[in-house]
file final00.txt (compact mmCIF, C-alpha atoms)
# COMPACT_ATOMS: atom_id res chain seq x y z
CA MET A 1 9.54 12.72 17.78
CA LEU A 2 6.85 11.27 20.04
CA GLN A 3 4.96 9.98 16.99
CA ARG A 4 8.13 8.34 15.66
CA ASP A 5 8.90 6.72 19.04
CA TYR A 6 5.34 5.46 19.25
CA LEU A 7 5.48 3.94 15.77
CA MET A 8 8.83 2.27 16.49
CA LYS A 9 7.42 0.71 19.66
CA LEU A 10 4.30 -0.39 17.78
CA ILE A 11 6.38 -2.03 15.04
CA GLU A 12 8.52 -3.81 17.64
CA THR A 13 5.44 -5.16 19.44
CA LEU A 14 3.89 -6.22 16.14
CA SER A 15 7.05 -8.18 15.26
CA THR A 16 6.71 -10.12 18.51
CA VAL A 17 3.07 -10.93 17.74
CA ILE A 18 3.89 -12.10 14.22
CA ALA A 19 6.64 -14.35 15.57
CA ARG A 20 4.05 -16.05 17.83
CA VAL A 21 1.63 -16.39 14.92
CA LEU A 22 4.28 -18.02 12.73
CA LEU A 23 5.24 -20.46 15.48
CA LYS A 24 1.62 -21.56 15.89
CA LYS A 25 1.17 -21.93 12.14
CA GLU A 26 4.31 -24.06 12.03
CA VAL A 27 2.67 -26.66 14.28
CA LYS A 28 -0.64 -26.20 12.41
CA ASN A 29 -2.31 -24.57 15.40
CA TYR A 30 -4.40 -22.38 13.08
CA GLU A 31 -7.00 -21.57 15.71
CA GLY A 32 -4.32 -20.30 18.07
CA ALA A 33 -2.73 -18.25 15.28
CA GLU A 34 -6.08 -16.66 14.47
CA GLU A 35 -6.65 -15.81 18.13
CA GLU A 36 -3.27 -14.05 18.21
CA LEU A 37 -4.23 -11.95 15.19
CA VAL A 38 -7.65 -11.01 16.55
CA SER A 39 -6.17 -10.08 19.94
CA ALA A 40 -3.37 -8.02 18.36
CA ALA A 41 -5.81 -6.04 16.23
CA LYS A 42 -7.75 -5.13 19.35
CA THR A 43 -4.84 -4.31 21.65
CA LEU A 44 -2.48 -2.64 19.16
CA ALA A 45 -4.92 -0.76 16.95
CA GLY A 46 -8.23 -0.84 18.80
CA LEU A 47 -9.86 -2.59 15.87
CA ASP A 48 -12.14 -5.59 15.46
CA LEU A 49 -10.42 -7.86 12.95
CA ASN A 50 -13.70 -9.56 12.11
CA LEU A 51 -15.18 -6.16 11.20
CA ILE A 52 -12.12 -5.27 9.12
CA LYS A 53 -12.55 -8.52 7.19
CA ILE A 54 -16.08 -7.47 6.19
CA LEU A 55 -15.48 -3.80 5.33
CA ASN A 56 -13.89 -2.71 2.07
CA ALA A 57 -10.50 -0.98 2.21
CA GLU A 58 -11.85 2.55 1.72
CA ASP A 59 -14.32 2.11 4.59
CA ILE A 60 -11.55 0.78 6.84
CA ILE A 61 -9.41 3.82 6.04
CA SER A 62 -12.31 6.20 6.74
CA LEU A 63 -12.89 4.46 10.06
CA MET A 64 -9.25 4.82 11.08
CA LYS A 65 -8.92 8.46 10.01
CA THR A 66 -10.83 9.46 13.13
CA SER A 67 -7.72 8.54 15.15
CA ASP A 68 -4.54 10.54 15.77
CA ILE A 69 -2.56 7.31 15.33
CA PHE A 70 -3.79 6.78 11.76
CA THR A 71 -0.43 5.69 10.32
CA GLY A 72 0.13 3.13 13.05
CA ARG A 73 -3.37 1.69 12.72
CA CYS A 74 -2.96 1.39 8.95
CA LEU A 75 0.35 -0.41 9.33
CA ILE A 76 -0.94 -2.77 12.03
CA SER A 77 -4.08 -3.58 10.04
CA ALA A 78 -2.09 -4.12 6.83
CA GLU A 79 0.29 -6.57 8.46
CA LEU A 80 -2.41 -8.44 10.38
CA LEU A 81 -4.59 -8.79 7.28
CA ARG A 82 -1.59 -10.06 5.31
CA GLN A 83 -0.84 -12.63 8.00
CA TYR A 84 -4.50 -13.62 8.16
CA GLY A 85 -4.49 -14.01 4.38
CA ASP A 86 -1.48 -16.33 4.69
CA LEU A 87 -3.33 -18.28 7.37
CA LEU A 88 -6.39 -18.76 5.16
CA SER A 89 -4.17 -19.75 2.24
CA ASP A 90 -2.50 -22.39 4.44
CA LYS A 91 -5.98 -23.69 5.25
CA GLY A 92 -6.83 -23.99 1.55
CA LYS A 93 -9.06 -20.90 1.35
CA ALA A 94 -7.20 -19.16 -1.47
CA GLN A 95 -10.08 -16.98 -2.68
CA ASP A 96 -10.74 -15.59 0.80
CA SER A 97 -7.05 -14.87 1.23
CA ILE A 98 -6.91 -12.80 -1.99
CA ASN A 99 -9.58 -10.46 -0.66
CA LEU A 100 -7.52 -9.88 2.49
CA TYR A 101 -4.29 -9.38 0.54
CA MET A 102 -5.97 -6.67 -1.55
CA LYS A 103 -7.09 -4.81 1.58
CA SER A 104 -3.66 -5.30 3.13
CA LEU A 105 -1.95 -3.80 0.08
CA TRP A 106 -4.23 -0.75 0.18
CA LEU A 107 -3.49 -0.19 3.87
CA TYR A 108 0.28 -0.58 3.40
CA LEU A 109 0.14 2.05 0.66
CA GLU A 110 -1.92 4.36 2.85
CA ALA A 111 0.58 4.01 5.71
CA ILE A 112 3.58 4.67 3.46
CA LEU A 113 1.95 7.67 1.80
CA THR A 114 1.36 9.43 5.12
CA LYS A 115 5.17 9.89 5.03
CA GLU A 116 5.23 9.29 8.79
CA LEU A 117 6.77 5.80 8.90
CA PRO A 118 10.23 5.86 10.52
CA VAL A 119 11.79 3.74 7.75
CA PRO A 120 9.28 3.47 4.87
CA GLY A 121 11.82 1.62 2.71
CA ASP A 122 11.48 -1.38 5.02
CA TYR A 123 8.08 -2.02 3.42
CA TYR A 124 8.87 -1.40 -0.26
CA GLU A 125 9.93 -4.97 -1.05
CA ARG A 126 6.82 -6.35 0.62
CA VAL A 127 4.51 -3.93 -1.21
CA ASP A 128 6.22 -4.56 -4.57
CA PHE A 129 5.81 -8.31 -4.04
CA MET A 130 2.10 -7.90 -3.26
CA ILE A 131 1.50 -5.67 -6.29
CA LYS A 132 3.22 -8.23 -8.54
CA ASN A 133 1.27 -11.18 -7.11
CA LEU A 134 -2.08 -9.39 -7.23
CA SER A 135 -1.55 -7.70 -10.61
CA PRO A 136 -3.34 -10.46 -12.60
CA LEU A 137 -6.48 -9.17 -10.89
CA GLU A 138 -8.06 -5.89 -11.97
CA PHE A 139 -7.15 -3.18 -9.47
CA PRO A 140 -9.86 -0.54 -8.95
CA ASP A 141 -8.84 2.92 -10.17
CA GLN A 142 -8.65 4.36 -6.65
CA LEU A 143 -6.14 1.67 -5.71
CA LYS A 144 -4.23 2.27 -8.95
CA LEU A 145 -3.93 5.92 -7.95
CA LYS A 146 -2.40 4.86 -4.62
CA ILE A 147 0.02 2.57 -6.46
CA PHE A 148 0.95 5.45 -8.79
CA GLU A 149 1.59 7.73 -5.79
CA TYR A 150 3.61 5.00 -4.08
CA TYR A 151 5.78 4.43 -7.16
CA GLU A 152 6.47 8.15 -7.44
CA TYR A 153 7.24 8.46 -3.72
CA SER A 154 9.57 5.44 -3.75
CA GLY A 155 11.43 6.62 -6.85
CA LYS A 156 10.06 4.05 -9.32
CA TYR A 157 9.25 6.67 -11.94
CA SER A 158 8.91 4.41 -14.97
CA LYS A 159 6.42 2.19 -13.16
CA ALA A 160 4.56 5.28 -11.95
CA GLU A 161 4.19 6.47 -15.53
CA ASP A 162 2.81 3.09 -16.61
CA ILE A 163 0.07 3.33 -13.97
CA LEU A 164 -0.54 6.99 -14.82
CA PHE A 165 -1.42 6.14 -18.42
CA GLU A 166 -3.64 3.26 -17.33
CA LEU A 167 -5.59 5.84 -15.35
CA VAL A 168 -5.57 8.24 -18.31
CA GLU A 169 -6.99 5.46 -20.49
CA SER A 170 -9.80 4.82 -18.00
CA GLU A 171 -10.46 8.61 -17.81
CA PHE A 172 -9.96 8.67 -14.06
CA ASN A 173 -11.08 11.90 -12.40
CA ASN A 174 -8.65 14.83 -12.84
CA ILE A 175 -5.83 12.46 -13.82
CA HIS A 176 -4.50 14.79 -16.54
CA ASN A 177 -3.66 17.45 -13.96
CA THR A 178 -2.15 14.76 -11.74
CA GLY A 179 -0.01 13.70 -14.69
CA LYS A 180 1.18 17.23 -15.42
CA GLN A 181 2.20 17.64 -11.78
CA PHE A 182 4.02 14.29 -11.92
CA TYR A 183 6.19 15.46 -14.82
CA ARG A 184 6.81 18.81 -13.14
CA ASN A 185 7.99 16.95 -10.04
CA LEU A 186 10.31 14.80 -12.13
CA SER A 187 11.79 17.84 -13.85
CA LEU A 188 13.14 18.88 -10.43
CA LYS A 189 14.95 15.58 -9.88
CA THR A 190 18.66 15.13 -10.52
CA ASP A 191 19.82 13.03 -13.46
CA ASP A 192 21.01 10.36 -11.02
CA GLU A 193 17.58 10.20 -9.37
CA LEU A 194 15.91 9.84 -12.77
CA VAL A 195 18.29 7.08 -13.84
CA LYS A 196 17.60 5.18 -10.60
CA GLY A 197 13.90 5.45 -11.38
CA ASN A 198 14.51 4.14 -14.92
CA PHE A 199 13.60 7.53 -16.41
CA SER A 200 15.14 10.35 -18.45
CA ARG A 201 14.72 14.06 -19.24
CA GLU A 202 13.52 13.15 -22.72
CA GLU A 203 10.78 10.96 -21.28
CA ILE A 204 9.63 13.84 -19.07
CA GLU A 205 9.24 16.06 -22.15
CA ASP A 206 7.52 13.31 -24.14
CA GLY A 207 5.14 12.45 -21.31
CA LEU A 208 4.19 16.06 -20.65
CA GLU A 209 3.60 16.63 -24.35
CA GLU A 210 1.34 13.57 -24.52
CA ILE A 211 -0.66 14.74 -21.49
CA ASN A 212 -1.05 18.23 -22.99
CA ASN A 213 -2.14 16.78 -26.33
CA LEU A 214 -4.76 14.67 -24.61
CA LEU A 215 -6.04 17.73 -22.73
CA SER A 216 -6.30 19.81 -25.91
CA SER A 217 -8.18 17.03 -27.70
CA ASP A 218 -10.86 16.78 -24.99

call {"tool": "encode", "arguments": {"input": "final00.txt", "output": "structure tokens"}}
result
Amino acid sequence: MLQRDYLMKLIETLSTVIARVLLKKEVKNYEGAEEELVSAAKTLAGLDLNLIKILNAEDIISLMKTSDIFTGRCLISAELLRQYGDLLSDKGKAQDSINLYMKSLWLYLEAILTKELPVPGDYYERVDFMIKNLSPLEFPDQLKLKIFEYYEYSGKYSKAEDILFELVESEFNNIHNTGKQFYRNLSLKTDDELVKGNFSREEIEDGLEEINNLLSSD
């Protein structure tokens, strides 16, 4: 309960910060907007935004895992990096913004997959939008795994399967066992849940058979 209350307060404070950032961007006060983002990263998550910009996503996550407020720090960092990416895009630095969006996506996924966010569904539309916009780029396999886990968690089973077989094709570590568990999990879902996820019982059987065939051919 305390963790939930803390996260709710953090999200509320973050919303206030973002409102100030957007107001400053509106009048093209980009320097002021950047100062807001840097300050928020320090005060809300105890992080140096300039350091986060340099580190890759996996290093950022490792750095934050030393904290007992991991979920909150991931969420704060994801949102601030997204806003900073928007800021750079507004300033005509599109390539730099893409790098920040990719890190932001990874951190959003990490926060959602802790299963500690009070209302994780509030972030699904944002994450789906980012995945769609960044999909022309080649996602690293570790990020694809996070996307697969996110799709399964959020009930987008057909999309999860698509990512699963991309990982199978690239021979990602232990992905066959991950796939078998995925189909076992789906077999426990109701028909309504499967339909909502654009999936069926027949597809579960077909997918599991394909995974088993691939394992036996190795």

call {"tool": "closest_residue", "arguments": {"input": "final00.txt", "among": "A:Arg20, A:Arg82, A:Lys53, A:Lys9", "to": "Arg126 of chain A", "atoms": "all atoms listed in the file"}}
result
A:Arg82

call {"tool": "closest_residue", "arguments": {"input": "final00.txt", "among": "A:Val27, A:Leu194, A:Leu208, A:Ile131", "to": "Phe165 of chain A", "atoms": "only C-alpha atoms"}}
result
A:Leu208

call {"tool": "closest_residue", "arguments": {"input": "final00.txt", "among": "A:Thr16, A:Asn99, A:Ser39, A:Asn177", "to": "Asn56 of chain A", "atoms": "only C-alpha atoms"}}
result
A:Asn99

call {"tool": "residues_around", "arguments": {"input": "final00.txt", "residues": "Asn212 of chain A", "least_positions_apart": "5", "cutoff": "12 Å", "atoms": "only C-alpha atoms", "output": "PyMOL selection string"}}
result
chain A and resi 168+175-181+183+205-207+217-218

call {"tool": "residues_around", "arguments": {"input": "final00.txt", "residues": "Leu23 of chain A", "least_positions_apart": "5", "cutoff": "10 Å", "atoms": "all atoms listed in the file", "output": "VMD selection string"}}
result
chain A and resid 18 28 to 29 32 to 33

call {"tool": "residues_near_point", "arguments": {"input": "final00.txt", "point": "(0.3, 2.7, 11.8)", "cutoff": "10 Å", "atoms": "all atoms listed in the file", "output": "PyMOL selection string"}}
result
chain A and resi 6-8+10-11+44-45+64+69-79+107-108+110-112+114+116-117

call {"tool": "closest_residue", "arguments": {"input": "final00.txt", "among": "A:Glu203, A:Gly85, A:Phe182, A:Arg4", "to": "Val119 of chain A", "atoms": "only C-alpha atoms"}}
result
A:Arg4

call {"tool": "build_atoms", "arguments": {"input": "final00.txt", "residues": "segment 151-184 of chain A", "atoms": "N, CA and C atoms", "output": "tab-separated table (two decimals), keeping the file's coordinate frame"}}
result
chain	number	residue	atom	x	y	z
A	151	TYR	N	4.64	4.56	-6.24
A	151	TYR	CA	5.78	4.43	-7.16
A	151	TYR	C	6.53	5.76	-7.28
A	152	GLU	N	5.80	6.85	-7.36
A	152	GLU	CA	6.47	8.15	-7.44
A	152	GLU	C	7.25	8.43	-6.15
A	153	TYR	N	6.62	8.19	-5.02
A	153	TYR	CA	7.24	8.46	-3.72
A	153	TYR	C	8.49	7.60	-3.50
A	154	SER	N	8.45	6.36	-3.97
A	154	SER	CA	9.57	5.44	-3.75
A	154	SER	C	10.60	5.49	-4.87
A	155	GLY	N	10.43	6.42	-5.81
A	155	GLY	CA	11.43	6.62	-6.85
A	155	GLY	C	11.36	5.68	-8.03
A	156	LYS	N	10.23	4.97	-8.19
A	156	LYS	CA	10.06	4.05	-9.32
A	156	LYS	C	9.28	4.78	-10.42
A	157	TYR	N	9.94	5.73	-11.05
A	157	TYR	CA	9.25	6.67	-11.94
A	157	TYR	C	8.69	6.03	-13.20
A	158	SER	N	9.41	5.08	-13.77
A	158	SER	CA	8.91	4.41	-14.97
A	158	SER	C	7.63	3.64	-14.67
A	159	LYS	N	7.61	2.94	-13.55
A	159	LYS	CA	6.42	2.19	-13.16
A	159	LYS	C	5.27	3.15	-12.85
A	160	ALA	N	5.59	4.28	-12.24
A	160	ALA	CA	4.56	5.28	-11.95
A	160	ALA	C	3.91	5.76	-13.24
A	161	GLU	N	4.73	6.01	-14.25
A	161	GLU	CA	4.19	6.47	-15.53
A	161	GLU	C	3.28	5.42	-16.16
A	162	ASP	N	3.65	4.16	-16.06
A	162	ASP	CA	2.81	3.09	-16.61
A	162	ASP	C	1.41	3.13	-15.99
A	163	ILE	N	1.36	3.27	-14.67
A	163	ILE	CA	0.07	3.33	-13.97
A	163	ILE	C	-0.67	4.60	-14.34
A	164	LEU	N	0.07	5.71	-14.45
A	164	LEU	CA	-0.54	6.99	-14.82
A	164	LEU	C	-1.33	6.85	-16.12
A	165	PHE	N	-0.73	6.23	-17.13
A	165	PHE	CA	-1.42	6.14	-18.42
A	165	PHE	C	-2.53	5.09	-18.43
A	166	GLU	N	-2.48	4.14	-17.51
A	166	GLU	CA	-3.64	3.26	-17.33
A	166	GLU	C	-4.82	4.07	-16.81
A	167	LEU	N	-4.54	4.99	-15.90
A	167	LEU	CA	-5.59	5.84	-15.35
A	167	LEU	C	-6.08	6.85	-16.38
A	168	VAL	N	-5.18	7.35	-17.22
A	168	VAL	CA	-5.57	8.24	-18.31
A	168	VAL	C	-6.52	7.51	-19.26
A	169	GLU	N	-6.17	6.26	-19.57
A	169	GLU	CA	-6.99	5.46	-20.49
A	169	GLU	C	-8.39	5.23	-19.93
A	170	SER	N	-8.49	5.05	-18.62
A	170	SER	CA	-9.80	4.82	-18.00
A	170	SER	C	-10.51	6.13	-17.65
A	171	GLU	N	-9.89	7.27	-18.03
A	171	GLU	CA	-10.46	8.61	-17.81
A	171	GLU	C	-10.76	8.86	-16.33
A	172	PHE	N	-9.81	8.46	-15.50
A	172	PHE	CA	-9.96	8.67	-14.06
A	172	PHE	C	-10.01	10.17	-13.74
A	173	ASN	N	-10.81	10.50	-12.75
A	173	ASN	CA	-11.08	11.90	-12.40
A	173	ASN	C	-9.82	12.74	-12.21
A	174	ASN	N	-9.71	13.82	-12.98
A	174	ASN	CA	-8.65	14.83	-12.84
A	174	ASN	C	-7.24	14.27	-13.05
A	175	ILE	N	-7.13	13.12	-13.72
A	175	ILE	CA	-5.83	12.46	-13.82
A	175	ILE	C	-4.87	13.24	-14.72
A	176	HIS	N	-5.39	14.02	-15.67
A	176	HIS	CA	-4.50	14.79	-16.54
A	176	HIS	C	-3.70	15.81	-15.73
A	177	ASN	N	-4.37	16.48	-14.81
A	177	ASN	CA	-3.66	17.45	-13.96
A	177	ASN	C	-2.67	16.75	-13.04
A	178	THR	N	-3.07	15.57	-12.56
A	178	THR	CA	-2.15	14.76	-11.74
A	178	THR	C	-0.91	14.40	-12.56
A	179	GLY	N	-1.13	14.05	-13.82
A	179	GLY	CA	-0.01	13.70	-14.69
A	179	GLY	C	0.92	14.87	-14.95
A	180	LYS	N	0.35	16.04	-15.19
A	180	LYS	CA	1.18	17.23	-15.42
A	180	LYS	C	2.04	17.54	-14.20
A	181	GLN	N	1.45	17.39	-13.01
A	181	GLN	CA	2.20	17.64	-11.78
A	181	GLN	C	3.31	16.61	-11.60
A	182	PHE	N	3.03	15.37	-11.99
A	182	PHE	CA	4.02	14.29	-11.92
A	182	PHE	C	5.26	14.65	-12.73
A	183	TYR	N	5.05	15.11	-13.97
A	183	TYR	CA	6.19	15.46	-14.82
A	183	TYR	C	6.90	16.71	-14.32
A	184	ARG	N	6.16	17.63	-13.74
A	184	ARG	CA	6.81	18.81	-13.14
A	184	ARG	C	7.71	18.37	-11.98
